[in-house]
>>> print(open('upload.txt').read())   # compact mmCIF, C-alpha atoms and all ligand atoms
# COMPACT_ATOMS: atom_id res chain seq x y z
CA MET A 100 109.53 106.29 116.69
CA MET A 101 110.54 103.12 114.89
CA LYS A 102 112.13 100.53 117.15
CA VAL A 103 115.20 99.28 115.30
CA GLY A 104 117.51 96.43 116.33
CA PHE A 105 121.14 96.26 115.20
CA ILE A 106 123.03 92.99 114.96
CA GLY A 107 126.65 92.83 113.76
CA TRP A 108 127.37 96.48 114.59
CA ARG A 109 130.97 95.77 115.75
CA GLY A 110 131.99 93.96 112.55
CA MET A 111 133.62 95.64 109.57
CA VAL A 112 130.40 96.71 107.82
CA GLY A 113 128.58 97.32 111.10
CA SER A 114 131.30 99.66 112.39
CA VAL A 115 131.16 101.75 109.23
CA LEU A 116 127.35 101.78 109.39
CA MET A 117 127.51 103.08 112.99
CA GLU A 118 130.02 105.75 111.97
CA ARG A 119 127.83 106.94 109.08
CA MET A 120 124.65 106.92 111.17
CA ARG A 121 126.34 108.95 113.90
CA ALA A 122 127.72 111.41 111.31
CA GLU A 123 124.24 111.89 109.79
CA SER A 124 122.48 111.99 113.21
CA ASP A 125 120.28 109.09 112.06
CA PHE A 126 119.92 107.76 115.61
CA ASN A 127 117.84 110.82 116.56
CA ALA A 128 114.96 109.53 114.45
CA ILE A 129 114.83 105.95 115.77
CA SER A 130 114.73 104.04 118.99
CA PRO A 131 117.73 101.67 118.67
CA VAL A 132 118.46 98.40 120.49
CA PHE A 133 121.84 96.70 120.11
CA PHE A 134 122.43 92.96 120.07
CA SER A 135 125.41 90.64 120.17
CA THR A 136 126.09 87.01 119.34
CA SER A 137 129.16 86.98 121.63
CA SER A 138 128.94 89.49 124.51
CA VAL A 139 125.39 89.77 125.81
CA GLY A 140 125.19 92.28 128.68
CA GLY A 141 128.21 94.21 127.34
CA GLU A 142 128.33 97.87 126.45
CA SER A 143 126.34 99.14 123.45
CA PRO A 144 128.05 101.50 121.00
CA TYR A 145 127.85 105.23 121.66
CA VAL A 146 124.94 106.76 119.74
CA GLY A 147 124.33 109.92 121.78
CA LYS A 148 121.55 108.52 123.98
CA ASP A 149 120.99 105.78 126.51
CA VAL A 150 120.26 102.50 124.77
CA GLY A 151 120.97 99.99 127.54
CA VAL A 152 123.31 97.00 127.39
CA LEU A 153 123.77 94.49 124.56
CA GLN A 154 120.90 92.07 124.14
CA ASP A 155 121.02 88.44 123.02
CA ALA A 156 120.91 88.31 119.20
CA TYR A 157 119.17 84.91 119.37
CA GLU A 158 116.38 86.09 121.71
CA CYS A 159 113.48 85.91 119.28
CA LYS A 160 110.89 87.35 121.67
CA LEU A 161 112.77 90.64 121.96
CA LEU A 162 113.63 90.69 118.24
CA ALA A 163 109.95 90.18 117.40
CA SER A 164 109.02 93.32 119.35
CA LEU A 165 110.98 95.48 116.88
CA ASP A 166 109.66 97.30 113.81
CA CYS A 167 112.90 96.76 111.91
CA ILE A 168 116.06 94.68 112.25
CA VAL A 169 119.30 95.73 110.60
CA THR A 170 121.85 92.93 110.45
CA THR A 171 125.44 93.11 109.29
CA GLN A 172 126.26 89.84 111.03
CA GLY A 173 126.44 87.46 108.07
CA SER A 174 124.37 84.84 106.21
CA ASP A 175 124.57 82.14 108.89
CA TYR A 176 122.85 84.42 111.38
CA THR A 177 120.17 85.37 108.84
CA LYS A 178 119.48 81.74 107.96
CA GLU A 179 119.16 80.79 111.61
CA VAL A 180 117.06 83.66 112.94
CA LEU A 181 114.86 85.10 110.19
CA PRO A 182 112.83 81.91 109.46
CA LYS A 183 112.06 81.56 113.19
CA LEU A 184 110.86 85.18 113.39
CA ARG A 185 108.74 84.91 110.24
CA SER A 186 107.17 81.60 111.25
CA ALA A 187 106.30 83.14 114.63
CA GLY A 188 104.36 85.83 112.71
CA TRP A 189 106.85 88.74 112.86
CA ASN A 190 106.06 91.15 110.04
CA GLY A 191 108.76 93.77 110.53
CA TYR A 192 111.39 94.97 108.07
CA TRP A 193 114.60 92.96 107.76
CA LEU A 194 117.60 94.91 106.40
CA ASP A 195 120.61 92.73 105.71
CA ALA A 196 124.19 93.16 104.45
CA SER A 197 124.72 89.45 103.80
CA SER A 198 124.11 87.57 100.57
CA GLY A 199 121.77 84.90 101.97
CA LEU A 200 118.45 86.40 100.82
CA ARG A 201 119.56 88.46 97.81
CA MET A 202 118.18 86.27 95.04
CA ASP A 203 114.93 85.39 96.87
CA ASP A 204 111.72 86.56 95.17
CA ASP A 205 110.54 88.21 98.38
CA ALA A 206 113.71 90.30 98.76
CA ILE A 207 114.78 93.52 97.04
CA ILE A 208 118.49 94.27 96.61
CA VAL A 209 118.74 97.92 97.64
CA LEU A 210 120.80 100.55 95.85
CA ASP A 211 118.38 103.47 95.84
CA PRO A 212 120.20 105.86 93.45
CA ILE A 213 119.81 103.06 90.88
CA ASN A 214 116.61 101.27 91.85
CA ARG A 215 114.49 103.53 94.06
CA GLN A 216 111.51 102.69 91.86
CA LEU A 217 111.87 98.94 92.58
CA ILE A 218 112.18 99.73 96.30
CA GLU A 219 108.96 101.80 96.21
CA GLN A 220 107.17 99.02 94.32
CA GLY A 221 108.43 96.52 96.91
CA LEU A 222 107.19 98.64 99.78
CA SER A 223 103.75 99.09 98.18
CA SER A 224 103.43 95.37 97.52
CA GLY A 225 104.33 94.46 101.13
CA ILE A 226 107.88 93.16 100.69
CA LYS A 227 109.66 93.14 104.05
CA ASN A 228 113.19 91.95 103.23
CA TYR A 229 115.67 94.55 101.87
CA VAL A 230 119.22 93.41 101.27
CA GLY A 231 122.42 95.25 100.40
CA GLY A 232 124.02 94.04 97.18
CA ASN A 233 127.43 92.49 96.68
CA CYS A 234 129.93 95.29 97.25
CA THR A 235 131.68 95.04 93.88
CA VAL A 236 128.36 94.94 92.04
CA SER A 237 126.97 98.03 93.78
CA LEU A 238 130.18 99.97 93.09
CA MET A 239 130.15 98.92 89.42
CA LEU A 240 126.50 99.94 88.96
CA LEU A 241 127.09 103.38 90.47
CA GLY A 242 130.22 103.92 88.37
CA LEU A 243 128.49 102.83 85.15
CA ASP A 244 125.12 104.39 86.06
CA GLY A 245 125.12 106.72 83.03
CA LEU A 246 125.90 103.95 80.56
CA PHE A 247 123.13 101.75 82.01
CA LYS A 248 120.59 104.60 82.00
CA ALA A 249 121.39 105.23 78.32
CA ASP A 250 121.05 101.47 77.64
CA LEU A 251 124.50 101.37 76.09
CA ILE A 252 125.96 98.20 77.61
CA GLU A 253 125.86 94.80 75.88
CA TRP A 254 128.32 93.01 78.19
CA ILE A 255 130.99 93.66 80.79
CA SER A 256 134.11 91.71 81.64
CA SER A 257 135.21 92.68 85.14
CA MET A 258 138.60 91.98 86.67
CA THR A 259 138.48 92.94 90.34
CA TYR A 260 141.08 93.97 92.90
CA GLN A 261 139.25 93.49 96.19
CA ALA A 262 140.44 94.76 99.57
CA ALA A 263 141.13 92.61 102.64
CA SER A 264 138.40 94.38 104.61
CA GLY A 265 135.88 92.91 102.15
CA ALA A 266 136.38 89.63 104.00
CA GLY A 267 135.76 91.10 107.47
CA ALA A 268 137.42 92.53 110.57
CA ASN A 269 139.65 89.54 111.30
CA ASN A 270 140.99 89.53 107.74
CA ILE A 271 142.07 93.16 107.85
CA ARG A 272 143.96 92.35 111.07
CA GLU A 273 145.56 89.37 109.37
CA LEU A 274 146.73 91.42 106.38
CA LEU A 275 148.43 93.87 108.74
CA LYS A 276 150.01 91.03 110.74
CA GLN A 277 151.29 89.49 107.51
CA SER A 278 152.75 92.84 106.41
CA GLY A 279 154.43 93.22 109.82
CA ALA A 280 155.88 89.71 109.64
CA LEU A 281 157.39 90.39 106.20
CA TYR A 282 158.90 93.66 107.37
CA ALA A 283 160.28 92.10 110.56
CA ALA A 284 161.91 89.28 108.55
CA ALA A 285 164.02 91.77 106.58
CA LYS A 286 164.25 94.72 108.97
CA ASP A 287 167.97 94.50 109.79
CA LEU A 288 168.83 94.22 106.10
CA LEU A 289 166.53 97.12 105.20
CA ASP A 290 168.34 99.23 107.80
CA ASP A 291 171.67 98.41 106.11
CA LYS A 292 171.76 100.35 102.83
CA ASN A 293 174.59 98.14 101.54
CA ALA A 294 172.64 94.91 102.03
CA SER A 295 172.05 92.81 98.90
CA ILE A 296 168.51 93.11 97.48
CA LEU A 297 168.49 89.37 96.77
CA ASP A 298 169.19 88.68 100.46
CA ILE A 299 166.18 90.85 101.34
CA ASP A 300 164.07 89.03 98.74
CA TYR A 301 165.23 85.65 100.09
CA ARG A 302 164.31 86.52 103.71
CA VAL A 303 160.84 87.78 102.69
CA THR A 304 160.18 84.73 100.51
CA GLN A 305 161.27 82.42 103.36
CA GLU A 306 158.84 84.22 105.66
CA LEU A 307 155.99 83.91 103.13
CA HIS A 308 156.57 80.14 103.09
CA SER A 309 157.10 79.79 106.83
CA ALA A 310 154.72 77.53 108.78
CA ASN A 311 154.27 80.37 111.32
CA PHE A 312 153.18 82.96 108.76
CA PRO A 313 149.73 84.24 109.92
CA GLN A 314 147.13 82.96 107.45
CA GLN A 315 144.31 81.56 109.58
CA TYR A 316 141.63 83.66 107.87
CA PHE A 317 142.84 83.99 104.26
CA GLY A 318 144.37 80.52 104.06
CA ALA A 319 147.30 81.96 102.06
CA PRO A 320 149.65 84.94 102.09
CA LEU A 321 147.93 88.13 100.90
CA ALA A 322 150.67 90.63 101.84
CA GLY A 323 153.29 90.25 99.11
CA SER A 324 150.87 88.17 97.04
CA VAL A 325 147.33 88.02 95.61
CA ILE A 326 144.54 85.44 95.99
CA PRO A 327 142.55 84.87 92.78
CA TRP A 328 139.65 83.20 94.59
CA ILE A 329 136.81 84.81 96.59
CA ASP A 330 133.93 82.88 98.20
CA ALA A 331 132.87 79.31 97.30
CA GLY A 332 133.46 77.57 93.98
CA LEU A 333 130.69 76.71 91.52
CA GLU A 334 130.56 73.72 89.16
CA ASN A 335 130.94 75.91 86.06
CA GLY A 336 134.38 77.10 87.16
CA GLN A 337 133.25 80.50 88.43
CA THR A 338 133.56 81.51 92.06
CA LYS A 339 130.35 82.61 93.75
CA GLU A 340 131.72 86.17 93.87
CA GLU A 341 132.03 86.10 90.05
CA TRP A 342 128.53 84.63 89.66
CA LYS A 343 127.06 87.42 91.82
CA GLY A 344 128.38 90.00 89.33
CA GLY A 345 125.87 88.96 86.68
CA VAL A 346 122.84 87.83 88.66
CA GLU A 347 122.81 90.68 91.16
CA ALA A 348 123.49 93.43 88.63
CA ASN A 349 120.49 92.35 86.52
CA LYS A 350 118.24 91.98 89.57
CA ILE A 351 119.18 95.44 90.93
CA LEU A 352 118.49 96.99 87.53
CA GLY A 353 115.11 95.24 87.37
CA TYR A 354 116.17 93.28 84.26
CA THR A 355 115.43 89.65 83.50
CA PRO A 356 118.49 87.43 84.17
CA ASP A 357 121.40 87.82 81.75
CA THR A 358 119.96 90.92 80.00
CA VAL A 359 123.40 92.44 80.53
CA LYS A 360 126.10 89.78 80.72
CA VAL A 361 128.71 90.38 83.43
CA ASP A 362 131.57 87.96 84.04
CA GLY A 363 135.23 88.04 84.96
CA THR A 364 137.78 87.11 87.61
CA CYS A 365 137.61 88.30 91.22
CA VAL A 366 140.90 88.72 93.00
CA ARG A 367 141.74 89.57 96.61
CA VAL A 368 144.66 91.99 96.86
CA GLY A 369 146.62 93.38 99.79
CA VAL A 370 144.61 96.60 99.99
CA LEU A 371 143.08 97.58 103.34
CA ARG A 372 139.89 99.19 102.13
CA SER A 373 138.14 99.93 98.78
CA HIS A 374 137.56 97.61 95.84
CA SER A 375 138.86 98.39 92.36
CA GLN A 376 137.76 96.91 89.04
CA ALA A 377 139.15 97.00 85.53
CA LEU A 378 136.13 96.78 83.22
CA THR A 379 136.12 95.84 79.54
CA ILE A 380 132.77 96.83 78.06
CA LYS A 381 131.08 96.05 74.77
CA LEU A 382 128.80 98.96 73.96
CA LYS A 383 125.64 98.64 71.88
CA ARG A 384 126.81 101.56 69.74
CA SER A 385 130.06 102.17 67.88
CA ASP A 386 129.57 105.85 67.02
CA LEU A 387 130.24 107.45 70.43
CA SER A 388 133.42 109.42 71.02
CA LEU A 389 135.36 109.04 74.27
CA ALA A 390 134.38 112.62 75.15
CA GLU A 391 130.68 111.73 74.81
CA ILE A 392 131.12 108.57 76.88
CA GLU A 393 132.95 110.56 79.56
CA GLN A 394 130.04 113.03 79.79
CA ILE A 395 127.50 110.21 80.07
CA ILE A 396 129.48 108.58 82.90
CA ALA A 397 130.43 111.77 84.75
CA LYS A 398 126.93 113.28 84.90
CA ALA A 399 125.01 110.21 86.04
CA ASN A 400 124.94 110.79 89.80
CA PRO A 401 126.56 113.00 92.46
CA TRP A 402 129.07 110.35 93.58
CA VAL A 403 130.82 109.55 90.29
CA LYS A 404 134.15 111.40 90.07
CA PHE A 405 135.52 111.16 86.56
CA VAL A 406 139.32 111.06 86.45
CA ALA A 407 141.14 112.15 83.30
CA ASN A 408 143.24 109.44 81.65
CA ASN A 409 146.68 110.74 82.58
CA LYS A 410 149.28 109.61 85.10
CA ALA A 411 149.12 112.56 87.52
CA ASP A 412 145.32 112.50 87.93
CA THR A 413 145.26 108.70 88.10
CA LEU A 414 147.84 108.54 90.89
CA ARG A 415 146.10 111.34 92.80
CA GLU A 416 142.44 110.33 92.41
CA LEU A 417 142.01 106.78 91.09
CA THR A 418 143.38 104.59 93.88
CA PRO A 419 141.98 102.83 96.95
CA ALA A 420 144.11 105.15 99.09
CA SER A 421 142.48 108.24 97.55
CA VAL A 422 138.81 107.16 97.79
CA SER A 423 138.79 105.19 101.07
CA GLY A 424 136.53 106.74 103.68
CA THR A 425 134.63 108.78 101.06
CA LEU A 426 131.44 108.17 99.11
CA ASP A 427 133.24 108.90 95.83
CA ILE A 428 133.09 106.40 93.00
CA ALA A 429 136.19 107.24 90.98
CA VAL A 430 136.05 106.27 87.29
CA GLY A 431 139.04 106.75 85.01
CA ARG A 432 141.53 105.21 82.56
CA LEU A 433 138.74 105.42 79.96
CA LYS A 434 140.05 104.37 76.55
CA SER A 435 139.03 102.70 73.31
CA LEU A 436 140.28 99.19 72.68
CA LYS A 437 141.84 97.75 69.56
CA PHE A 438 139.09 95.11 69.32
CA GLY A 439 136.72 97.53 67.55
CA PRO A 440 134.92 100.89 67.96
CA GLU A 441 132.28 99.48 70.32
CA TYR A 442 134.84 98.25 72.88
CA ILE A 443 136.05 100.43 75.76
CA SER A 444 137.85 99.81 79.01
CA LEU A 445 137.97 101.78 82.23
CA PHE A 446 139.07 101.44 85.84
CA THR A 447 136.83 102.24 88.78
CA VAL A 448 137.36 102.26 92.54
CA GLY A 449 135.05 102.92 95.48
CA ASP A 450 134.91 102.25 99.21
CA GLN A 451 133.19 98.87 99.45
CA LEU A 452 132.33 99.48 103.10
CA LEU A 453 130.43 102.66 102.24
CA TRP A 454 128.56 102.47 98.91
CA GLY A 455 129.36 98.76 98.75
CA ALA A 456 127.73 97.87 102.07
CA ALA A 457 126.75 100.36 104.80
CA GLU A 458 125.38 103.27 102.77
CA PRO A 459 122.60 101.47 100.85
CA LEU A 460 121.36 99.96 104.15
CA ARG A 461 121.54 103.30 105.96
CA ARG A 462 119.57 104.97 103.18
CA MET A 463 117.01 102.16 103.12
CA LEU A 464 116.50 102.54 106.86
CA ASN A 465 115.90 106.26 106.32
CA ILE A 466 113.34 105.52 103.60
CA LEU A 467 111.48 103.33 106.12
CA VAL A 468 111.79 105.95 108.87
CA GLU A 469 110.32 108.63 106.56
CA LYS A 470 107.38 106.39 105.67
CA HIS A 471 106.82 105.48 109.30
CA ALA A 472 106.75 109.14 110.46
P1 LIG B 1 132.91 90.79 110.19
O1 LIG B 1 133.80 91.98 110.26
O2 LIG B 1 133.57 89.45 110.28
O3 LIG B 1 131.81 90.95 111.34
C1 LIG B 1 130.76 90.03 111.53
C2 LIG B 1 130.66 89.68 113.02
O4 LIG B 1 131.80 88.92 113.42
C3 LIG B 1 130.68 90.85 113.98
O5 LIG B 1 129.40 91.44 114.04
C4 LIG B 1 131.07 90.20 115.29
O6 LIG B 1 129.89 89.64 115.90
C5 LIG B 1 131.97 89.06 114.83
N1 LIG B 1 133.42 89.27 115.07
C6 LIG B 1 134.29 88.25 115.30
N2 LIG B 1 135.53 88.72 115.44
C7 LIG B 1 135.48 90.06 115.33
C8 LIG B 1 136.46 91.09 115.41
N3 LIG B 1 137.76 90.83 115.63
N4 LIG B 1 136.06 92.39 115.23
C9 LIG B 1 134.78 92.67 114.98
N5 LIG B 1 133.80 91.71 114.90
C10 LIG B 1 134.14 90.41 115.07
O7 LIG B 1 132.08 90.77 108.84
P2 LIG B 1 131.73 91.98 107.82
O8 LIG B 1 132.83 92.16 106.85
O9 LIG B 1 131.24 93.14 108.59
O10 LIG B 1 130.54 91.32 106.98
C11 LIG B 1 129.23 91.16 107.52
C12 LIG B 1 128.31 90.72 106.39
O11 LIG B 1 128.28 91.74 105.40
C13 LIG B 1 128.78 89.45 105.67
O12 LIG B 1 127.67 88.69 105.30
C14 LIG B 1 129.48 89.98 104.44
O13 LIG B 1 129.46 89.08 103.37
C15 LIG B 1 128.63 91.21 104.12
N6 LIG B 1 129.32 92.25 103.37
C16 LIG B 1 130.59 92.60 103.72
C17 LIG B 1 131.21 93.60 103.01
C18 LIG B 1 132.62 94.03 103.36
O14 LIG B 1 133.20 94.81 102.60
N7 LIG B 1 133.19 93.58 104.46
C19 LIG B 1 130.57 94.22 101.94
C20 LIG B 1 129.25 93.86 101.62
C21 LIG B 1 128.65 92.85 102.35
P3 LIG B 1 129.62 89.73 117.49
O15 LIG B 1 129.87 91.15 117.92
O16 LIG B 1 128.20 89.33 117.64
O17 LIG B 1 130.62 88.78 118.08
>>> encode(input="upload.txt", output="structure tokens", more="lines below")
Ligand code: NAP
Amino acid sequence: MMKVGFIGWRGMVGSVLMERMRAESDFNAISPVFFSTSSVGGESPYVGKDVGVLQDAYECKLLASLDCIVTTQGSDYTKEVLPKLRSAGWNGYWLDASSGLRMDDDAIIVLDPINRQLIEQGLSSGIKNYVGGNCTVSLMLLGLDGLFKADLIEWISSMTYQAASGAGANNIRELLKQSGALYAAAKDLLDDKNASILDIDYRVTQELHSANFPQQYFGAPLAGSVIPWIDAGLENGQTKEEWKGGVEANKILGYTPDTVKVDGTCVRVGVLRSHSQALTIKLKRSDLSLAEIEQIIAKANPWVKFVANNKADTLRELTPASVSGTLDIAVGRLKSLKFGPEYISLFTVGDQLLWGAAEPLRRMLNILVEKHA
């Protein structure tokens, strides 16, 4: 049985990975060891068998005894630990949710329904680092899978609506604390049906601007507001999150850089879970009807759920609330644009903790387990 170490299992992505692995009985096929950066000796998560207490995530000797390490801890951990393991001669598989290694030549970004062939080539050529892609990118590629397979896309402009949980466990807590603070500020007026709506608005706005408003992790109000900035800034005016859209999409597809141009604006919104994107797409052809495009998108893979462009279906099936906790990639609001017959737009939403993070890693681990058997 493969010996597999898990680091970061109690974080946002790690928790969802544990949940999925338990649901699919994945732990039966491996011998797991759990690590922590903060509570060594504490209790390991329940996986249906005895796995001992939490080990020290910086203990390289123990890490080096493993066949595979799955980390959802973050880039800083990867940058600190992986070079030490490799320079000590460790040749095991490193599976990682963070962005640190994604663009390295000796790393494959894994999204097996899209790039299983690249993964197989990587395994045959001895590549040992397999990294989950940026959540928004993976969701976009699954949603547009059919259009990519048919080589129909010239460029994509993506405007994202990204959930608080995309920034981690402490951020989701902060969004809920912010929401609670706004409600508390106006509660007595909300209970009084004769209260003036401008008084309610004034109280909430005062609370948003209050020095005590909880914003340690986001650095700004998210409840009652949006934050049009995700990750670090680059010199060209993009954020790193926006830059990832283009470079990672082309790498996952096995294209040379910029084969398909992807750019846009990434925005954090007060959603708990699941990232949405409004995509404007320039197609390479101008003779396709919307019905043909719908068929191409809808039939691409088992997870795409095409949603008809009407209000009732959109409200029922094309929202973060409707897809969260599922592997569905909802795609809808498909329409032609006035710019010309080759321009379309659509809206897509998927759970960024599942297909955007935990699921590609879980499936990659299973590919390794099958090969190891
Ligand atoms: P996270 O929730 O902040 O968890 C990372 C680590 O923070 C945990 O393993 C835990 O380590 C520690 N931690 C500190 N306070 C915590 C708390 N209150 N609850 C739980 N854990 C806490 O980060 P994440 O969102 O899972 O992201 C991990 C990596 O995946 C990052 O590199 C991120 O960029 C990437 N990623 C995230 C998403 C997403 O949607 N969130 C999607 C794709 C990729 P200890 O147990 O060792 O203390």
>>> residues_near_ligand(input="upload.txt", ligand="ligand LIG 1 (chain B)", cutoff="7 Å", atoms="all atoms listed in the file", output="ChimeraX atom specification")
/A:106-113,135-138,171-174,196-198,231-234,264-269,451-452,455-456
>>> residues_around(input="upload.txt", residues="A:Gly332", least_positions_apart="6", cutoff="10 Å", atoms="only C-alpha atoms", output="PyMOL selection string")
chain A and resi 338-342
>>> closest_residue(input="upload.txt", among="A:Asp195, A:Gly345, A:Leu352, A:Gln277", to="A:Leu217", atoms="all atoms listed in the file")
A:Leu352
>>> residues_around(input="upload.txt", residues="A:Ser375", least_positions_apart="3", cutoff="10 Å", atoms="all atoms listed in the file", output="ChimeraX atom specification")
/A:235,238-239,257-262,366,368,370,372,378,417-419,428-430,446-451
>>> residues_around(input="upload.txt", residues="A:Leu162", least_positions_apart="6", cutoff="8 Å", atoms="all atoms listed in the file", output="count of residues only")
4
>>> closest_residue(input="upload.txt", among="A:Ser309, A:Asn228, A:Ser256, A:Ser114", to="A:Pro182", atoms="only C-alpha atoms")
A:Asn228
>>> atom_distance(input="upload.txt", atom1="atom CA of A:Ile329", atom2="atom CA of A:Ile255")
19.0 Å
>>> atom_distance(input="upload.txt", atom1="atom CA of A:Val303", atom2="atom CA of A:Gly323")
8.7 Å
>>> residues_around(input="upload.txt", residues="stretch 218-224 of chain A", least_positions_apart="4", cutoff="9 Å", atoms="all atoms listed in the file", output="number ranges by chain")
A: 205-211, 214, 229, 463, 467
>>> atom_distance(input="upload.txt", atom1="atom CA of A:Ile271", atom2="atom CA of A:His374")
13.6 Å
>>> decode(input="upload.txt", residues="stretch 225-273 of chain A", atoms="C-alpha atoms", output="short mmCIF file (atom, residue, chain, number, x, y, z; two decimals), in the first residue's frame")
data_model
loop_
_atom_site.label_atom_id
_atom_site.label_comp_id
_atom_site.auth_asym_id
_atom_site.auth_seq_id
_atom_site.Cartn_x
_atom_site.Cartn_y
_atom_site.Cartn_z
CA GLY A 225 9.46 10.61 -14.39
CA ILE A 226 7.81 13.86 -13.33
CA LYS A 227 7.10 13.79 -9.60
CA ASN A 228 5.33 17.10 -8.92
CA TYR A 229 1.57 17.29 -9.69
CA VAL A 230 -0.22 20.50 -8.80
CA GLY A 231 -3.87 21.49 -8.74
CA GLY A 232 -4.65 24.48 -10.95
CA ASN A 233 -6.04 27.85 -9.96
CA CYS A 234 -9.65 27.22 -8.97
CA THR A 235 -11.22 29.68 -11.41
CA VAL A 236 -9.12 28.35 -14.28
CA SER A 237 -10.03 24.71 -13.64
CA LEU A 238 -13.73 25.58 -13.43
CA MET A 239 -13.55 27.61 -16.66
CA LEU A 240 -11.78 24.79 -18.54
CA LEU A 241 -14.36 22.21 -17.46
CA GLY A 242 -17.25 24.51 -18.36
CA LEU A 243 -15.78 25.35 -21.79
CA ASP A 244 -14.36 21.85 -22.39
CA GLY A 245 -16.46 21.30 -25.53
CA LEU A 246 -15.46 24.60 -27.11
CA PHE A 247 -11.77 23.91 -26.43
CA LYS A 248 -11.97 20.34 -27.78
CA ALA A 249 -13.54 21.71 -30.97
CA ASP A 250 -10.79 24.37 -31.15
CA LEU A 251 -13.38 27.13 -31.34
CA ILE A 252 -11.96 29.71 -28.93
CA GLU A 253 -9.79 32.64 -30.04
CA TRP A 254 -9.90 34.60 -26.77
CA ILE A 255 -11.82 34.88 -23.51
CA SER A 256 -12.52 37.87 -21.32
CA SER A 257 -13.41 36.62 -17.85
CA MET A 258 -15.07 38.67 -15.12
CA THR A 259 -15.08 36.62 -11.93
CA TYR A 260 -17.22 36.59 -8.80
CA GLN A 261 -15.09 34.63 -6.35
CA ALA A 262 -16.28 33.27 -3.00
CA ALA A 263 -14.79 34.12 0.40
CA SER A 264 -13.80 30.49 0.97
CA GLY A 265 -11.39 30.84 -1.96
CA ALA A 266 -9.17 32.79 0.42
CA GLY A 267 -9.22 30.14 3.17
CA ALA A 268 -10.90 29.06 6.40
CA ASN A 269 -10.26 32.28 8.33
CA ASN A 270 -11.75 34.38 5.52
CA ILE A 271 -15.02 32.46 5.46
CA ARG A 272 -15.28 33.05 9.22
CA GLU A 273 -14.59 36.74 8.68
#
